[in-house]
file entry-v2.txt (compact mmCIF, C-alpha atoms)
# COMPACT_ATOMS: atom_id res chain seq x y z
CA MET E 1 -37.38 47.73 25.32
CA LYS E 2 -39.19 45.53 22.83
CA GLN E 3 -38.56 48.06 20.07
CA ALA E 4 -34.84 48.24 20.84
CA PHE E 5 -34.56 44.45 20.75
CA SER E 6 -36.42 44.32 17.45
CA SER E 7 -34.16 46.99 15.98
CA ARG E 8 -31.02 45.11 17.08
CA LEU E 9 -32.38 41.88 15.59
CA ASN E 10 -32.95 43.67 12.29
CA ASP E 11 -29.40 45.06 12.38
CA LEU E 12 -28.04 41.58 12.99
CA LYS E 13 -30.09 40.20 10.07
CA LYS E 14 -28.75 42.95 7.82
CA GLN E 15 -25.18 42.28 8.90
CA ILE E 16 -25.53 38.55 8.22
CA GLU E 17 -27.08 39.28 4.81
CA HIS E 18 -24.32 41.76 4.07
CA PHE E 19 -21.66 39.21 5.03
CA LEU E 20 -23.16 36.31 3.11
CA LEU E 21 -24.96 37.84 0.15
CA ASP E 22 -23.41 41.13 -0.93
CA PRO E 23 -21.63 40.93 -4.29
CA ALA E 24 -17.90 40.39 -3.87
CA SER E 25 -14.90 39.86 -6.13
CA ALA E 26 -14.63 36.33 -7.51
CA ARG E 27 -10.83 36.58 -7.59
CA PRO E 28 -10.13 35.01 -4.13
CA LEU E 29 -12.41 32.11 -5.02
CA ALA E 30 -10.59 31.66 -8.34
CA ILE E 31 -7.22 31.61 -6.54
CA LEU E 32 -8.60 29.02 -4.09
CA ARG E 33 -9.92 26.92 -7.02
CA ILE E 34 -6.57 26.99 -8.81
CA GLY E 35 -4.67 26.24 -5.59
CA VAL E 36 -6.89 23.29 -4.64
CA ALA E 37 -6.74 21.88 -8.17
CA LEU E 38 -2.93 22.19 -8.24
CA VAL E 39 -2.51 20.42 -4.89
CA LEU E 40 -4.85 17.60 -5.90
CA ILE E 41 -3.16 17.20 -9.30
CA ILE E 42 0.25 16.88 -7.62
CA GLN E 43 -1.23 14.41 -5.12
CA ALA E 44 -2.80 12.33 -7.91
CA PHE E 45 0.46 12.38 -9.87
CA LEU E 46 2.44 11.14 -6.86
CA LEU E 47 0.02 8.26 -6.28
CA ARG E 48 -0.23 7.21 -9.95
CA ASN E 49 1.84 4.03 -9.39
CA ASP E 50 -0.07 2.95 -6.27
CA LEU E 51 -3.61 2.71 -7.63
CA ALA E 52 -3.86 -1.06 -7.20
CA VAL E 53 -2.33 -0.95 -3.72
CA PHE E 54 -4.65 1.71 -2.38
CA PHE E 55 -7.87 1.23 -4.33
CA SER E 56 -8.26 -2.40 -5.38
CA HIS E 57 -10.09 -5.14 -3.50
CA GLY E 58 -6.82 -7.03 -3.05
CA GLY E 59 -4.73 -4.00 -2.10
CA LEU E 60 -3.16 -3.13 1.23
CA VAL E 61 -6.39 -3.41 3.18
CA GLN E 62 -8.37 -6.18 1.61
CA GLY E 63 -12.06 -6.79 0.93
CA SER E 64 -14.37 -6.60 3.89
CA LEU E 65 -11.73 -4.91 6.06
CA ALA E 66 -11.66 -1.93 3.70
CA ALA E 67 -15.46 -1.82 3.83
CA HIS E 68 -15.30 -1.90 7.64
CA LEU E 69 -12.92 1.05 7.70
CA SER E 70 -14.87 3.16 5.24
CA GLU E 71 -17.87 5.28 6.09
CA PRO E 72 -21.17 3.39 5.67
CA ASN E 73 -23.60 4.55 2.96
CA THR E 74 -20.99 6.61 1.17
CA PRO E 75 -19.96 6.07 -2.46
CA ARG E 76 -17.23 3.53 -3.14
CA LEU E 77 -15.64 2.23 -6.31
CA GLY E 78 -16.79 -1.25 -5.29
CA TRP E 79 -20.37 -0.30 -6.19
CA LEU E 80 -19.34 0.39 -9.76
CA THR E 81 -16.97 -2.58 -10.10
CA ASP E 82 -19.65 -4.98 -8.83
CA ARG E 83 -22.15 -3.71 -11.40
CA LEU E 84 -19.67 -3.71 -14.30
CA ALA E 85 -18.18 -7.10 -13.42
CA ILE E 86 -21.21 -8.84 -14.97
CA TYR E 87 -20.19 -7.29 -18.32
CA GLY E 88 -16.68 -8.66 -17.94
CA ILE E 89 -15.09 -5.31 -17.03
CA SER E 90 -12.27 -5.83 -14.54
CA GLU E 91 -11.76 -3.89 -11.33
CA MET E 92 -8.45 -2.45 -12.55
CA THR E 93 -10.13 -1.14 -15.72
CA VAL E 94 -12.75 0.65 -13.60
CA ILE E 95 -10.05 2.09 -11.31
CA PHE E 96 -8.04 3.19 -14.36
CA PHE E 97 -10.97 5.02 -15.98
CA VAL E 98 -12.36 6.58 -12.78
CA THR E 99 -8.96 7.94 -11.76
CA ARG E 100 -8.45 9.33 -15.29
CA ILE E 101 -11.85 11.06 -15.16
CA TYR E 102 -10.91 12.43 -11.72
CA PHE E 103 -7.61 13.75 -13.07
CA PHE E 104 -9.36 15.28 -16.09
CA SER E 105 -11.92 17.01 -13.83
CA LEU E 106 -9.02 18.50 -11.83
CA LEU E 107 -7.45 19.83 -15.03
CA LEU E 108 -10.77 21.45 -15.97
CA LEU E 109 -10.98 22.94 -12.49
CA LEU E 110 -7.46 24.29 -12.83
CA VAL E 111 -8.06 26.07 -16.12
CA GLY E 112 -11.58 27.16 -15.16
CA PHE E 113 -13.40 25.47 -18.03
CA TRP E 114 -16.87 24.03 -17.22
CA THR E 115 -15.90 24.99 -13.67
CA ARG E 116 -19.04 24.15 -11.69
CA GLY E 117 -19.49 20.75 -13.32
CA ALA E 118 -15.78 19.99 -12.90
CA ALA E 119 -15.90 21.03 -9.23
CA VAL E 120 -18.87 18.75 -8.48
CA LEU E 121 -17.28 15.85 -10.40
CA ALA E 122 -13.89 16.32 -8.71
CA TRP E 123 -15.53 16.53 -5.27
CA PHE E 124 -17.64 13.40 -5.82
CA LEU E 125 -14.78 11.33 -7.24
CA GLN E 126 -12.39 12.51 -4.53
CA TRP E 127 -14.94 11.42 -1.91
CA THR E 128 -15.47 8.09 -3.66
CA LEU E 129 -11.75 7.37 -3.92
CA GLU E 130 -11.20 8.33 -0.27
CA ASN E 131 -13.83 5.76 0.71
CA THR E 132 -12.40 3.02 -1.46
CA GLY E 133 -9.85 0.53 -0.24
CA TYR E 134 -7.37 2.20 1.99
CA SER E 135 -6.65 5.61 0.61
CA SER E 136 -7.29 7.78 3.59
CA THR E 137 -4.95 10.56 4.64
CA ARG E 138 -5.99 10.61 8.30
CA HIS E 139 -2.77 11.01 10.19
CA PRO E 140 -2.41 9.07 13.42
CA ASN E 141 -0.04 11.53 14.99
CA LEU E 142 -2.75 14.05 15.69
CA ASN E 143 -4.49 14.02 18.99
CA GLY E 144 -7.86 14.66 17.45
CA VAL E 145 -10.06 11.74 16.60
CA SER E 146 -12.27 12.10 13.58
CA TRP E 147 -15.99 12.24 13.99
CA ARG E 148 -16.22 8.86 12.33
CA LYS E 149 -13.87 7.26 14.85
CA ALA E 150 -15.76 8.70 17.78
CA ARG E 151 -18.87 6.93 16.61
CA LYS E 152 -17.32 3.49 16.05
CA MET S 1 -36.14 36.81 -0.76
CA LYS S 2 -36.84 33.07 -0.46
CA HIS S 3 -33.61 32.32 -2.33
CA LYS S 4 -31.68 34.59 0.02
CA ARG S 5 -33.15 32.92 3.09
CA LEU S 6 -32.22 29.51 1.75
CA ILE S 7 -28.60 30.56 1.20
CA VAL S 8 -28.38 32.14 4.67
CA GLY S 9 -30.01 29.05 6.23
CA LEU S 10 -27.63 26.64 4.48
CA SER S 11 -24.62 28.76 5.41
CA LEU S 12 -25.64 28.82 9.06
CA PHE S 13 -26.30 25.05 9.00
CA HIS S 14 -22.82 24.46 7.56
CA LEU S 15 -21.25 26.75 10.14
CA GLY S 16 -23.20 24.94 12.88
CA VAL S 17 -21.88 21.53 11.77
CA VAL S 18 -18.31 22.89 11.65
CA VAL S 19 -18.63 24.31 15.17
CA VAL S 20 -20.20 21.14 16.63
CA ALA S 21 -17.49 18.94 15.07
CA ALA S 22 -14.61 21.29 15.97
CA ALA S 23 -15.86 21.47 19.56
CA TYR S 24 -15.88 17.67 19.51
CA CYS S 25 -19.33 17.47 21.02
CA LEU S 26 -21.80 14.80 20.04
CA PRO S 27 -25.22 16.24 20.89
CA THR S 28 -28.03 13.83 21.61
CA TRP S 29 -30.47 14.95 18.96
CA PRO S 30 -33.06 12.81 17.13
CA ARG S 31 -31.64 9.85 15.19
CA TRP S 32 -32.82 11.10 11.78
CA LEU S 33 -31.19 14.49 12.36
CA ASP S 34 -28.05 12.78 13.59
CA HIS S 35 -27.86 10.81 10.32
CA ILE S 36 -28.37 13.92 8.20
CA VAL S 37 -25.78 15.99 10.10
CA HIS S 38 -23.28 13.14 10.17
CA PHE S 39 -23.67 12.39 6.45
CA TYR S 40 -23.43 16.08 5.59
CA GLY S 41 -20.29 16.41 7.74
CA VAL S 42 -18.64 13.45 6.05
CA ALA S 43 -19.61 14.55 2.52
CA THR S 44 -18.45 18.13 2.86
CA GLY S 45 -15.60 17.77 5.32
CA ALA S 46 -17.46 19.99 7.78
CA GLY S 47 -17.31 17.07 10.24
CA SER S 48 -13.55 17.39 10.68
CA ASN S 49 -12.44 18.07 14.23
CA TYR S 50 -9.36 20.00 13.10
CA GLY S 51 -7.01 17.77 15.06
CA PHE S 52 -4.05 19.38 13.30
CA PHE S 53 -4.49 22.39 15.59
CA THR S 54 -4.16 20.31 18.72
CA SER S 55 -1.57 21.25 21.34
CA SER S 56 -0.43 17.69 21.95
CA VAL S 57 0.10 14.50 19.99
CA ARG S 58 -1.03 11.05 20.96
CA SER S 59 1.04 7.92 20.71
CA GLN S 60 1.23 6.38 17.30
CA VAL S 61 1.12 2.74 16.24
CA LEU S 62 3.86 1.76 13.81
CA THR S 63 4.07 -1.37 11.68
CA ARG S 64 7.24 -3.19 10.72
CA PHE S 65 7.59 -6.36 8.70
CA GLU S 66 10.14 -9.14 8.56
CA ILE S 67 10.18 -12.05 6.17
CA VAL S 68 11.60 -15.47 6.94
CA ASP S 69 12.97 -17.52 4.05
CA SER S 70 13.17 -21.32 3.77
CA ARG S 71 16.58 -21.34 5.53
CA GLY S 72 15.12 -19.46 8.47
CA LYS S 73 16.92 -16.22 7.66
CA LYS S 74 15.02 -13.11 8.70
CA SER S 75 15.17 -9.90 6.68
CA PRO S 76 13.21 -6.66 6.85
CA ALA S 77 10.45 -6.09 4.29
CA THR S 78 8.40 -3.08 3.28
CA LEU S 79 4.99 -2.59 1.77
CA PRO S 80 4.95 -2.21 -2.03
CA ILE S 81 4.22 1.50 -2.23
CA SER S 82 6.01 4.41 -3.86
CA ARG S 83 8.64 6.26 -1.90
CA ASN S 84 7.05 9.66 -1.78
CA HIS S 85 5.33 11.79 0.83
CA GLU S 86 1.74 11.12 -0.30
CA ALA S 87 2.11 7.34 -0.25
CA GLU S 88 3.99 7.54 3.04
CA VAL S 89 1.21 9.58 4.70
CA ARG S 90 -1.27 6.87 3.74
CA ARG S 91 1.03 4.11 4.98
CA MET S 92 1.49 5.92 8.29
CA GLY S 93 -2.28 6.41 8.48
CA LEU S 94 -2.67 2.64 8.61
CA GLY S 95 -1.21 2.73 12.11
CA ALA S 96 -4.22 4.71 13.32
CA GLU S 97 -6.53 1.97 12.10
CA PHE S 98 -4.95 -0.52 14.48
CA SER S 99 -6.82 1.08 17.36
CA VAL S 100 -10.30 0.93 15.77
CA GLY S 101 -12.94 -0.58 18.05
CA LYS S 102 -14.54 0.19 21.37
CA ARG S 103 -13.70 -2.94 23.35
CA GLU S 104 -10.22 -4.41 23.74
CA ALA S 105 -11.38 -7.73 22.26
CA ASP S 106 -12.62 -5.89 19.13
CA VAL S 107 -9.33 -4.02 18.82
CA LYS S 108 -7.33 -7.27 19.12
CA ARG S 109 -9.51 -9.05 16.57
CA PHE S 110 -9.28 -6.15 14.19
CA GLN S 111 -5.51 -5.84 14.66
CA ARG S 112 -5.20 -9.52 13.76
CA SER S 113 -7.32 -9.14 10.61
CA LEU S 114 -5.49 -6.01 9.50
CA SER S 115 -2.11 -7.63 10.19
CA ALA S 116 -3.20 -10.62 8.09
CA SER S 117 -4.21 -8.32 5.26
CA LEU S 118 -0.85 -6.54 5.32
CA ALA S 119 1.07 -9.81 5.68
CA GLY S 120 -0.78 -11.08 2.59
CA THR S 121 0.49 -8.07 0.66
CA VAL S 122 4.06 -8.72 1.85
CA PHE S 123 3.75 -12.42 0.88
CA GLY S 124 2.65 -11.29 -2.57
CA CYS S 125 5.85 -9.24 -2.99
CA HIS S 126 8.15 -11.91 -1.57
CA PRO S 127 7.32 -15.30 -3.04
CA GLU S 128 10.45 -16.72 -1.38
CA ALA S 129 9.10 -15.94 2.12
CA VAL S 130 7.78 -18.85 4.15
CA ALA S 131 6.68 -16.58 6.98
CA VAL S 132 5.96 -12.92 7.56
CA ILE S 133 6.33 -11.38 11.01
CA VAL S 134 4.23 -8.27 11.62
CA HIS S 135 5.63 -6.13 14.42
CA LEU S 136 3.25 -3.60 15.91
CA GLU S 137 5.06 -0.94 17.89
CA GLU S 138 3.93 2.12 19.73
CA PHE S 139 5.76 5.39 19.30
CA ALA S 140 5.07 6.67 22.79
CA THR S 141 5.24 10.45 22.81
CA VAL S 142 5.89 12.64 25.84
CA SER S 143 4.45 16.00 26.76
CA MET S 144 6.64 19.11 26.80
CA GLU S 145 6.57 19.02 30.60
CA GLU S 146 7.76 15.38 30.65
CA TYR S 147 10.43 16.24 28.09
CA ARG S 148 11.75 19.01 30.31
CA GLN S 149 11.94 16.48 33.14
CA GLY S 150 14.19 14.28 31.02
CA LYS S 151 11.68 11.79 29.63
CA ARG S 152 12.10 11.00 25.93
CA PRO S 153 9.79 9.45 23.34
CA ALA S 154 10.41 5.76 22.77
CA ILE S 155 9.31 2.94 20.48
CA LEU S 156 7.70 0.21 22.57
CA PRO S 157 6.70 -3.21 21.24
CA LEU S 158 2.93 -3.83 21.27
CA TYR S 159 2.80 -7.31 19.83
CA ASP S 160 4.21 -9.51 17.09
CA LEU S 161 2.22 -11.79 14.86
CA THR S 162 3.75 -14.45 12.61
CA PHE S 163 1.98 -15.60 9.49
CA VAL S 164 3.25 -18.85 8.00
CA ARG S 165 2.81 -19.78 4.36
CA ASP S 166 1.51 -23.29 4.03
CA SER S 167 1.35 -24.90 0.59
CA GLN S 168 -2.42 -24.44 0.78
CA ARG S 169 -3.02 -21.61 3.21
CA VAL S 170 -1.52 -18.98 5.45
CA THR S 171 -1.78 -19.54 9.19
CA ALA S 172 -1.14 -17.16 12.05
CA ASN S 173 0.86 -17.75 15.22
CA PRO S 174 0.67 -14.99 17.81

call {"tool": "encode", "arguments": {"input": "entry-v2.txt", "output": "structure tokens"}}
result
Amino acid sequence: MKQAFSSRLNDLKKQIEHFLLDPASARPLAILRIGVALVLIIQAFLLRNDLAVFFSHGGLVQGSLAAHLSEPNTPRLGWLTDRLAIYGISEMTVIFFVTRIYFFSLLLLLVGFWTRGAAVLAWFLQWTLENTGYSSTRHPNLNGVSWRKARK
Amino acid sequence: MKHKRLIVGLSLFHLGVVVVAAAYCLPTWPRWLDHIVHFYGVATGAGSNYGFFTSSVRSQVLTRFEIVDSRGKKSPATLPISRNHEAEVRRMGLGAEFSVGKREADVKRFQRSLSASLAGTVFGCHPEAVAVIVHLEEFATVSMEEYRQGKRPAILPLYDLTFVRDSQRVTANP
């Protein structure tokens, strides 16, 4: 009985290892990378004229309200703008450069050059921009409530 | 071997967070673990509850704006955003934020602050406006069963808030 259980456990371990660790073709991952980069590039292009409205302190959702809506302890552009303001760098300049870096990282991701670095940069900047101002894509028409909302 | 175990462990952890969030359960585990899991879920998107697969939709809060000029004439106004799907999705998403808060008093206070913020944006686009009226409306949906019984979705007024431009400040009149 004990032996049979142990043998089944070993089989399960092998199956999990086989599923997670066996070498596989990188092609599906490359297609996913290109697809994600394309979607995000189109999204960024469509929002290019709304940067101030969605990301600045005086945009649609202003100041402390935007902070209230965003997830606590997550990166926001405000952290950078506050630190650079003492050097006379304006908020719009920071938004301009960060969004350009984000767009550039997506282009790198698309063509597959410096892919890992570009993926990490794109992920981090996407997260930061989502947490800044009001730039969320949560859609109210869905019955589900995000994890964040459930905790508020 | 150690490397393999780490990858398997992380994969199972990720899968666990996805399952917990998708099942919409909030286990009562230690606070420190709760913080880690929550932060991980937010950072990676594993904390999504996949609401887009839901079988029903909940009612949606809509915002509408009117400006009042110095002659008292009312005209509709819109937020200064591009007319494309991406910008529209974000504008629609604002409606969801009008229900943030656990207690009704919190929701009301937050609705007032958010309305003021949006009214400020509308004032910025319409210097001729002496007042901005923010209309909050609910798009009340019906279930398929109710629809079969003849009930139809409707837009119901929730409340209106008027913000008046003073020479010095903007004041609100509910």

call {"tool": "atom_distance", "arguments": {"input": "entry-v2.txt", "atom1": "CA of Asn131 in chain E", "atom2": "CA of Ala66 in chain E"}}
result
8.5 Å

call {"tool": "closest_atom_pairs", "arguments": {"input": "entry-v2.txt", "of": "chain S", "to": "chain E", "cutoff": "9 Å", "atoms": "all atoms listed in the file", "output": "Markdown table"}}
result
| residue | atom | partner | partner_atom | distance |
| --- | --- | --- | --- | --- |
| S:Lys4 | CA | E:Leu21 | CA | 7.5 |
| S:Arg5 | CA | E:Glu17 | CA | 9.0 |
| S:Ile7 | CA | E:Leu20 | CA | 8.1 |
| S:Val8 | CA | E:Leu20 | CA | 6.9 |
| S:Ser11 | CA | E:Leu20 | CA | 8.0 |
| S:Ala21 | CA | E:Trp147 | CA | 7.0 |
| S:Tyr24 | CA | E:Trp147 | CA | 7.7 |
| S:Leu26 | CA | E:Trp147 | CA | 8.8 |
| S:His38 | CA | E:Trp147 | CA | 8.3 |
| S:Phe39 | CA | E:Thr74 | CA | 8.3 |
| S:Gly41 | CA | E:Trp147 | CA | 8.7 |
| S:Val42 | CA | E:Arg148 | CA | 8.1 |
| S:Ala43 | CA | E:Trp127 | CA | 7.2 |
| S:Thr44 | CA | E:Trp123 | CA | 8.8 |
| S:Gly47 | CA | E:Trp147 | CA | 6.3 |
| S:Ser48 | CA | E:Ser146 | CA | 6.2 |
| S:Asn49 | CA | E:Ser146 | CA | 6.0 |
| S:Tyr50 | CA | E:Gly144 | CA | 7.0 |
| S:Gly51 | CA | E:Gly144 | CA | 4.0 |
| S:Phe52 | CA | E:Leu142 | CA | 6.0 |
| S:Phe53 | CA | E:Leu142 | CA | 8.5 |
| S:Thr54 | CA | E:Asn143 | CA | 6.3 |
| S:Ser55 | CA | E:Asn143 | CA | 8.1 |
| S:Ser56 | CA | E:Asn143 | CA | 6.2 |
| S:Val57 | CA | E:Asn143 | CA | 4.7 |
| S:Arg58 | CA | E:Asn143 | CA | 5.0 |
| S:Ser59 | CA | E:Asn141 | CA | 6.8 |
| S:Gln60 | CA | E:Asn141 | CA | 5.8 |
| S:Val61 | CA | E:Pro140 | CA | 7.8 |
| S:Leu79 | CA | E:Leu60 | CA | 8.2 |
| S:Pro80 | CA | E:Val53 | CA | 7.6 |
| S:Ile81 | CA | E:Asp50 | CA | 6.1 |
| S:Ser82 | CA | E:Asp50 | CA | 6.7 |
| S:Asn84 | CA | E:Leu46 | CA | 7.0 |
| S:His85 | CA | E:Leu46 | CA | 8.2 |
| S:Glu86 | CA | E:Gln43 | CA | 6.5 |
| S:Ala87 | CA | E:Leu47 | CA | 6.4 |
| S:Val89 | CA | E:Thr137 | CA | 6.2 |
| S:Arg90 | CA | E:Thr137 | CA | 5.3 |
| S:Arg91 | CA | E:Thr137 | CA | 8.8 |
| S:Met92 | CA | E:His139 | CA | 6.9 |
| S:Gly93 | CA | E:His139 | CA | 4.9 |
| S:Leu94 | CA | E:Pro140 | CA | 8.0 |
| S:Gly95 | CA | E:Pro140 | CA | 6.6 |
| S:Ala96 | CA | E:Pro140 | CA | 4.7 |
| S:Glu97 | CA | E:Leu69 | CA | 7.8 |
| S:Val100 | CA | E:Lys149 | CA | 7.3 |
| S:Gly101 | CA | E:Lys152 | CA | 6.3 |
| S:Lys102 | CA | E:Lys152 | CA | 6.8 |
| S:Phe110 | CA | E:Leu65 | CA | 8.6 |
| S:Ser113 | CA | E:Leu65 | CA | 7.6 |
| S:Leu114 | CA | E:Val61 | CA | 6.9 |
| S:Ser117 | CA | E:Val61 | CA | 5.8 |
| S:Leu118 | CA | E:Leu60 | CA | 5.8 |
| S:Gly120 | CA | E:Leu60 | CA | 8.4 |
| S:Thr121 | CA | E:Leu60 | CA | 6.2 |

call {"tool": "atom_distance", "arguments": {"input": "entry-v2.txt", "atom1": "CA of His14 in chain S", "atom2": "CA of Leu33 in chain S"}}
result
13.9 Å

call {"tool": "closest_residue", "arguments": {"input": "entry-v2.txt", "among": "E:Leu125, E:Ala119, E:Leu80, E:Leu110", "to": "Gly35 in chain E", "atoms": "only C-alpha atoms"}}
result
E:Leu110

call {"tool": "atom_distance", "arguments": {"input": "entry-v2.txt", "atom1": "CA of Ala22 in chain S", "atom2": "CA of Val107 in chain S"}}
result
26.0 Å

call {"tool": "closest_residue", "arguments": {"input": "entry-v2.txt", "among": "S:Phe98, S:Ile67, S:Gly72, S:Glu137", "to": "Gly124 in chain S", "atoms": "only C-alpha atoms"}}
result
S:Ile67

call {"tool": "residues_around", "arguments": {"input": "entry-v2.txt", "residues": "Gly117 in chain E", "least_positions_apart": "6", "cutoff": "10 Å", "atoms": "only C-alpha atoms", "output": "PyMOL selection string"}}
result
chain E and resi 105+108-109+123

call {"tool": "residues_around", "arguments": {"input": "entry-v2.txt", "residues": "range 62-66 of chain S", "least_positions_apart": "4", "cutoff": "9 Å", "atoms": "all atoms listed in the file", "output": "ChimeraX atom specification"}}
result
/S:74-79,92,94-96,115,119,122,131-139,155
